[in-house]
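Chemist: Structure file data.pdb (PDB, C-alpha atoms) right here:
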ATOM      1  CA  MET A 767      17.928 103.287-170.896  1.00  0.00           C
ATOM      2  CA  ASP A 768      18.418 106.945-171.740  1.00  0.00           C
ATOM      3  CA  ALA A 769      15.319 106.873-173.956  1.00  0.00           C
ATOM      4  CA  GLN A 770      13.360 105.321-171.095  1.00  0.00           C
ATOM      5  CA  ARG A 771      14.570 108.033-168.718  1.00  0.00           C
ATOM      6  CA  ARG A 772      13.606 110.733-171.241  1.00  0.00           C
ATOM      7  CA  TRP A 773      10.123 109.270-171.622  1.00  0.00           C
ATOM      8  CA  VAL A 774       9.571 109.518-167.861  1.00  0.00           C
ATOM      9  CA  ARG A 775      11.254 112.942-167.587  1.00  0.00           C
ATOM     10  CA  ASP A 776       9.006 114.294-170.370  1.00  0.00           C
ATOM     11  CA  HIS A 777       6.062 114.072-167.958  1.00  0.00           C
ATOM     12  CA  VAL A 778       7.486 117.111-166.179  1.00  0.00           C
ATOM     13  CA  PRO A 779       7.546 120.607-167.707  1.00  0.00           C
ATOM     14  CA  PRO A 780      11.076 121.737-168.645  1.00  0.00           C
ATOM     15  CA  HIS A 781      11.154 124.447-165.962  1.00  0.00           C
ATOM     16  CA  ALA A 782      10.508 121.841-163.224  1.00  0.00           C
ATOM     17  CA  GLN A 783      12.802 119.053-164.405  1.00  0.00           C
ATOM     18  CA  SER A 784      15.481 119.950-161.870  1.00  0.00           C
ATOM     19  CA  THR A 785      13.183 118.370-159.250  1.00  0.00           C
ATOM     20  CA  LEU A 786      14.143 115.041-160.816  1.00  0.00           C
ATOM     21  CA  ASP A 787      17.800 115.456-159.869  1.00  0.00           C
ATOM     22  CA  ASP A 788      16.959 114.262-156.367  1.00  0.00           C
ATOM     23  CA  TRP A 789      15.990 110.657-155.643  1.00  0.00           C
ATOM     24  CA  ASP A 790      12.805 111.801-153.915  1.00  0.00           C
ATOM     25  CA  GLY A 791      11.737 113.768-156.995  1.00  0.00           C
ATOM     26  CA  LYS A 792      12.250 110.692-159.145  1.00  0.00           C
ATOM     27  CA  LEU A 793      10.057 108.614-156.839  1.00  0.00           C
ATOM     28  CA  LYS A 794       7.352 111.277-156.695  1.00  0.00           C
ATOM     29  CA  LEU A 795       7.174 111.372-160.495  1.00  0.00           C
ATOM     30  CA  VAL A 796       7.023 107.579-160.840  1.00  0.00           C
ATOM     31  CA  ASN A 797       4.337 107.498-158.171  1.00  0.00           C
ATOM     32  CA  ALA A 798       2.330 110.259-159.901  1.00  0.00           C
ATOM     33  CA  ILE A 799       2.448 108.452-163.249  1.00  0.00           C
ATOM     34  CA  LEU A 800       1.165 105.273-161.612  1.00  0.00           C
ATOM     35  CA  ALA A 801      -1.424 107.042-159.436  1.00  0.00           C
ATOM     36  CA  ASN A 802      -2.850 108.864-162.431  1.00  0.00           C
ATOM     37  CA  ARG A 803      -2.957 105.613-164.414  1.00  0.00           C
ATOM     38  CA  LEU A 804      -1.033 107.078-167.330  1.00  0.00           C
ATOM     39  CA  ILE A 805       0.174 103.589-168.260  1.00  0.00           C
ATOM     40  CA  GLU A 806      -1.934 100.517-168.977  1.00  0.00           C
ATOM     41  CA  PRO A 807      -0.869  97.166-167.478  1.00  0.00           C
ATOM     42  CA  HIS A 808       0.001  95.811-170.948  1.00  0.00           C
ATOM     43  CA  GLU A 809       2.429  98.686-171.701  1.00  0.00           C
ATOM     44  CA  THR A 810       5.482  96.825-170.496  1.00  0.00           C
ATOM     45  CA  LEU A 811       8.122  99.115-172.009  1.00  0.00           C
ATOM     46  CA  LYS A 812       6.590 102.173-170.335  1.00  0.00           C
ATOM     47  CA  LEU A 813       6.331 100.331-167.022  1.00  0.00           C
ATOM     48  CA  GLN A 814       9.946  99.270-167.374  1.00  0.00           C
ATOM     49  CA  SER A 815      10.865 102.900-168.000  1.00  0.00           C
ATOM     50  CA  LEU A 816       9.473 103.668-164.555  1.00  0.00           C
ATOM     51  CA  GLY A 817      11.634 100.841-163.233  1.00  0.00           C
ATOM     52  CA  ILE A 818      14.747 102.442-164.710  1.00  0.00           C
ATOM     53  CA  VAL A 819      13.963 105.712-162.928  1.00  0.00           C
ATOM     54  CA  LEU A 820      13.275 103.790-159.722  1.00  0.00           C
ATOM     55  CA  GLY A 821      16.690 102.189-160.247  1.00  0.00           C
ATOM     56  CA  ASP A 822      18.301 105.602-160.683  1.00  0.00           C
ATOM     57  CA  ALA A 823      16.859 106.645-157.309  1.00  0.00           C
ATOM     58  CA  LEU A 824      18.142 103.427-155.709  1.00  0.00           C
ATOM     59  CA  ALA A 825      21.574 103.956-157.260  1.00  0.00           C
ATOM     60  CA  GLN A 826      21.665 107.492-155.881  1.00  0.00           C
ATOM     61  CA  VAL A 827      20.783 106.500-152.327  1.00  0.00           C
ATOM     62  CA  LEU A 828      22.619 103.179-152.086  1.00  0.00           C
ATOM     63  CA  ASP A 829      25.720 104.055-154.129  1.00  0.00           C
ATOM     64  CA  LEU A 830      25.009 101.369-156.717  1.00  0.00           C
ATOM     65  CA  GLU A 831      26.295 101.150-160.264  1.00  0.00           C
ATOM     66  CA  TRP A 832      24.385 100.238-163.430  1.00  0.00           C
ATOM     67  CA  ILE A 833      25.751  97.175-165.231  1.00  0.00           C
ATOM     68  CA  VAL A 834      24.507  94.837-167.963  1.00  0.00           C
ATOM     69  CA  VAL A 835      23.942  91.207-167.037  1.00  0.00           C
ATOM     70  CA  GLU A 836      23.891  88.576-169.772  1.00  0.00           C
ATOM     71  CA  ASP A 837      22.196  85.226-169.306  1.00  0.00           C
ATOM     72  CA  GLU A 838      20.363  82.627-171.383  1.00  0.00           C
ATOM     73  CA  ILE A 839      17.414  85.013-171.811  1.00  0.00           C
ATOM     74  CA  GLY A 840      19.483  87.969-173.010  1.00  0.00           C
ATOM     75  CA  ARG A 841      20.882  91.224-171.674  1.00  0.00           C
ATOM     76  CA  SER A 842      19.325  93.078-168.750  1.00  0.00           C
ATOM     77  CA  PRO A 843      20.295  96.243-166.910  1.00  0.00           C
ATOM     78  CA  ALA A 844      21.003  95.669-163.239  1.00  0.00           C
ATOM     79  CA  LEU A 845      22.358  97.569-160.282  1.00  0.00           C
ATOM     80  CA  MET A 846      25.469  96.266-158.562  1.00  0.00           C
ATOM     81  CA  ALA A 847      26.887  97.028-155.133  1.00  0.00           C
ATOM     82  CA  ALA A 848      30.645  97.437-155.579  1.00  0.00           C
ATOM     83  CA  GLY A 849      32.747  94.776-153.917  1.00  0.00           C
ATOM     84  CA  THR A 850      29.803  92.394-153.491  1.00  0.00           C
ATOM     85  CA  SER A 851      27.821  89.906-155.538  1.00  0.00           C
ATOM     86  CA  ILE A 852      24.646  91.941-154.911  1.00  0.00           C
ATOM     87  CA  ARG A 853      22.657  92.517-158.097  1.00  0.00           C
ATOM     88  CA  ILE A 854      19.153  93.949-158.336  1.00  0.00           C
ATOM     89  CA  PHE A 855      16.985  94.353-161.409  1.00  0.00           C
ATOM     90  CA  PRO A 856      14.801  97.431-160.934  1.00  0.00           C
ATOM     91  CA  GLN A 857      13.719  97.651-164.578  1.00  0.00           C
ATOM     92  CA  THR A 858      11.096  94.977-163.992  1.00  0.00           C
ATOM     93  CA  MET A 859      10.240  95.657-160.337  1.00  0.00           C
ATOM     94  CA  ILE A 860       7.208  97.736-161.238  1.00  0.00           C
ATOM     95  CA  SER A 861       6.150  96.065-164.493  1.00  0.00           C
ATOM     96  CA  LYS A 862       5.992  92.552-163.047  1.00  0.00           C
ATOM     97  CA  ARG A 863       3.824  93.707-160.158  1.00  0.00           C
ATOM     98  CA  ILE A 864       1.450  95.760-162.310  1.00  0.00           C
ATOM     99  CA  GLU A 865       1.139  92.946-164.859  1.00  0.00           C
ATOM    100  CA  ARG A 866       0.143  90.598-161.997  1.00  0.00           C
ATOM    101  CA  GLY A 867      -2.618  93.037-161.049  1.00  0.00           C
ATOM    102  CA  GLU A 868      -0.911  94.329-157.923  1.00  0.00           C
ATOM    103  CA  THR A 869      -1.014  97.927-156.751  1.00  0.00           C
ATOM    104  CA  VAL A 870       2.493  99.356-156.486  1.00  0.00           C
ATOM    105  CA  ASP A 871       3.429 101.672-153.640  1.00  0.00           C
ATOM    106  CA  VAL A 872       6.619 103.146-155.084  1.00  0.00           C
ATOM    107  CA  PHE A 873       7.855 104.506-151.764  1.00  0.00           C
ATOM    108  CA  ASP A 874       7.276 101.181-150.001  1.00  0.00           C
ATOM    109  CA  LEU A 875       8.996  99.261-152.811  1.00  0.00           C
ATOM    110  CA  PHE A 876      11.923 101.690-152.615  1.00  0.00           C
ATOM    111  CA  SER A 877      12.181 101.338-148.812  1.00  0.00           C
ATOM    112  CA  LYS A 878      11.974  97.553-148.890  1.00  0.00           C
ATOM    113  CA  THR A 879      14.618  97.372-151.604  1.00  0.00           C
ATOM    114  CA  CYS A 880      16.911  99.690-149.635  1.00  0.00           C
ATOM    115  CA  ARG A 881      16.513  97.494-146.554  1.00  0.00           C
ATOM    116  CA  ALA A 882      17.148  94.316-148.551  1.00  0.00           C
ATOM    117  CA  VAL A 883      20.337  95.743-150.072  1.00  0.00           C
ATOM    118  CA  ALA A 884      21.528  96.979-146.658  1.00  0.00           C
ATOM    119  CA  ASP A 885      20.846  93.521-145.175  1.00  0.00           C
ATOM    120  CA  ALA A 886      22.636  91.805-148.049  1.00  0.00           C
ATOM    121  CA  ARG A 887      25.653  94.099-147.672  1.00  0.00           C
ATOM    122  CA  ARG A 888      25.786  93.389-143.945  1.00  0.00           C
ATOM    123  CA  ASP A 889      25.462  89.638-144.531  1.00  0.00           C
ATOM    124  CA  SER A 890      28.176  89.657-147.214  1.00  0.00           C
ATOM    125  CA  ARG A 891      30.647  91.160-144.721  1.00  0.00           C
ATOM    126  CA  VAL A 892      29.992  88.352-142.230  1.00  0.00           C
ATOM    127  CA  GLU A 893      31.269  85.645-144.578  1.00  0.00           C
TER
END
Is it possible to express this structure as structure tokens?

Modeler:
Amino acid sequence: MDAQRRWVRDHVPPHAQSTLDDWDGKLKLVNAILANRLIEPHETLKLQSLGIVLGDALAQVLDLEWIVVEDEIGRSPALMAAGTSIRIFPQTMISKRIERGETVDVFDLFSKTCRAVADARRDSRVE
């Protein structure tokens, strides 16, 4: 994941990389890479790198923690909400959509994911 973050971060000149410390800066960079079509739809690893940075922004805003989930397919990075069973998999949120031919609005995807996690947290307290 660190290599994926570095690949995305390397799209910003060293003197401006501090803008990526904030979740909004992360989203702006991911959006710019997509808007400028710097990645082809078949470049899954690069698209998944954008997903990792999207996940870092989500983790920052929603107080989520990166974990590794193992299943029959293998190991995947996921974000977990402490004290809940909430797990999200941002690494593939962008790549799956792009590979299906969809246009990705990074800010909309971020907002919808934030709402879904907030709803899930609220619902998990009801039980």

Chemist: Using only C-alpha atoms, which protein or nucleic acid residues come within 12 Å of Ile799 in chain A? Drop anything in the same chain fewer than 2 positions from it, and give the result as number ranges by chain.

Modeler: A: 773-778, 792-797, 801-806, 812-813, 815-817, 819, 860, 870-872

Chemist: Within 9 Å of (24.6, 98.3, -161.0) in the file's own coordinates, which protein, DNA or RNA residues have an atom, counting only C-alpha atoms? List them as a compact mmCIF listing (two decimals) with C-alpha atoms, keeping the file's coordinate frame.

Modeler:
# COMPACT_ATOMS: atom_id res chain seq x y z
CA GLY A 821 16.69 102.19 -160.25
CA ALA A 825 21.57 103.96 -157.26
CA LEU A 830 25.01 101.37 -156.72
CA GLU A 831 26.30 101.15 -160.26
CA TRP A 832 24.38 100.24 -163.43
CA ILE A 833 25.75 97.18 -165.23
CA VAL A 834 24.51 94.84 -167.96
CA PRO A 843 20.30 96.24 -166.91
CA ALA A 844 21.00 95.67 -163.24
CA LEU A 845 22.36 97.57 -160.28
CA MET A 846 25.47 96.27 -158.56
CA ALA A 847 26.89 97.03 -155.13
CA ALA A 848 30.64 97.44 -155.58
CA ILE A 852 24.65 91.94 -154.91
CA ARG A 853 22.66 92.52 -158.10
CA ILE A 854 19.15 93.95 -158.34
CA PHE A 855 16.98 94.35 -161.41

Chemist: To one decimal place, how far is CA of Gln826 in chain A from CA of Trp789 in chain A in Å?

Modeler: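 Value for the CA of Gln826 in chain A-CA of Trp789 in chain A distance: 6.5 Å.
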
Chemist: Would you work out the distance separating CA of Thr869 in chain A from CA of Asp837 in chain A, expressed in Å to one decimal?

Modeler: 29.3 Å

Chemist: Using only C-alpha atoms, which residues sit within 8 Å of Met767 in chain A once same-chain residues fewer than 2 positions away are excluded, as a PyMOL selection string?

Modeler: chain A and resi 769-771+815+818

Chemist: Could you save those same residues with C-alpha atoms as a CSV table (one decimal), in the coordinates of the input?

Modeler:
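Output below, filename part.csv:
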chain,number,residue,atom,x,y,z
A,769,ALA,CA,15.3,106.9,-174.0
A,770,GLN,CA,13.4,105.3,-171.1
A,771,ARG,CA,14.6,108.0,-168.7
A,815,SER,CA,10.9,102.9,-168.0
A,818,ILE,CA,14.7,102.4,-164.7

Chemist: His808 in chain A: which residues within 12 Å, counting all atoms listed in the file, same-chain residues fewer than 4 positions away excluded, as a PyMOL selection string?

Modeler: chain A and resi 804+812-814+861-867

Chemist: If I take CA of Arg888 in chain A and CA of Asp829 in chain A, how far is one from the other in Å, to one decimal?

Modeler: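 CA of Asp829 in chain A lies at a distance of 14.7 Å from CA of Arg888 in chain A.
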
Chemist: Using only C-alpha atoms, find the one residue out of A:Thr785, A:Asp889, A:Leu875, A:Ala882 that sits nearest to Met859 in chain A.

Modeler: A:Leu875

Chemist: Add whatever atoms are absent from range 809-823 of chain A to reach N, CA and C atoms, and provide the output as a compact mmCIF listing (two decimals), keeping the file's coordinate frame.

Modeler:
# COMPACT_ATOMS: atom_id res chain seq x y z
N GLU A 809 1.38 97.83 -171.13
CA GLU A 809 2.43 98.69 -171.70
C GLU A 809 3.76 98.45 -170.97
N THR A 810 4.30 97.29 -171.21
CA THR A 810 5.48 96.82 -170.50
C THR A 810 6.66 97.77 -170.63
N LEU A 811 6.96 98.24 -171.82
CA LEU A 811 8.12 99.12 -172.01
C LEU A 811 7.99 100.39 -171.18
N LYS A 812 6.80 100.97 -171.14
CA LYS A 812 6.59 102.17 -170.34
C LYS A 812 6.72 101.86 -168.85
N LEU A 813 6.19 100.73 -168.42
CA LEU A 813 6.33 100.33 -167.02
C LEU A 813 7.79 100.08 -166.68
N GLN A 814 8.53 99.50 -167.60
CA GLN A 814 9.95 99.27 -167.37
C GLN A 814 10.73 100.58 -167.35
N SER A 815 10.24 101.57 -168.06
CA SER A 815 10.86 102.90 -168.00
C SER A 815 10.76 103.46 -166.59
N LEU A 816 9.62 103.25 -165.95
CA LEU A 816 9.47 103.67 -164.56
C LEU A 816 10.46 102.91 -163.67
N GLY A 817 10.68 101.65 -163.99
CA GLY A 817 11.63 100.84 -163.23
C GLY A 817 13.06 101.36 -163.35
N ILE A 818 13.41 101.86 -164.52
CA ILE A 818 14.75 102.44 -164.71
C ILE A 818 14.91 103.67 -163.82
N VAL A 819 13.89 104.51 -163.77
CA VAL A 819 13.96 105.71 -162.93
C VAL A 819 13.97 105.33 -161.45
N LEU A 820 13.20 104.32 -161.08
CA LEU A 820 13.28 103.79 -159.72
C LEU A 820 14.71 103.33 -159.44
N GLY A 821 15.31 102.64 -160.40
CA GLY A 821 16.69 102.19 -160.25
C GLY A 821 17.66 103.35 -160.10
N ASP A 822 17.44 104.42 -160.83
CA ASP A 822 18.30 105.60 -160.68
C ASP A 822 18.22 106.16 -159.26
N ALA A 823 17.02 106.17 -158.69
CA ALA A 823 16.86 106.64 -157.31
C ALA A 823 17.58 105.70 -156.35
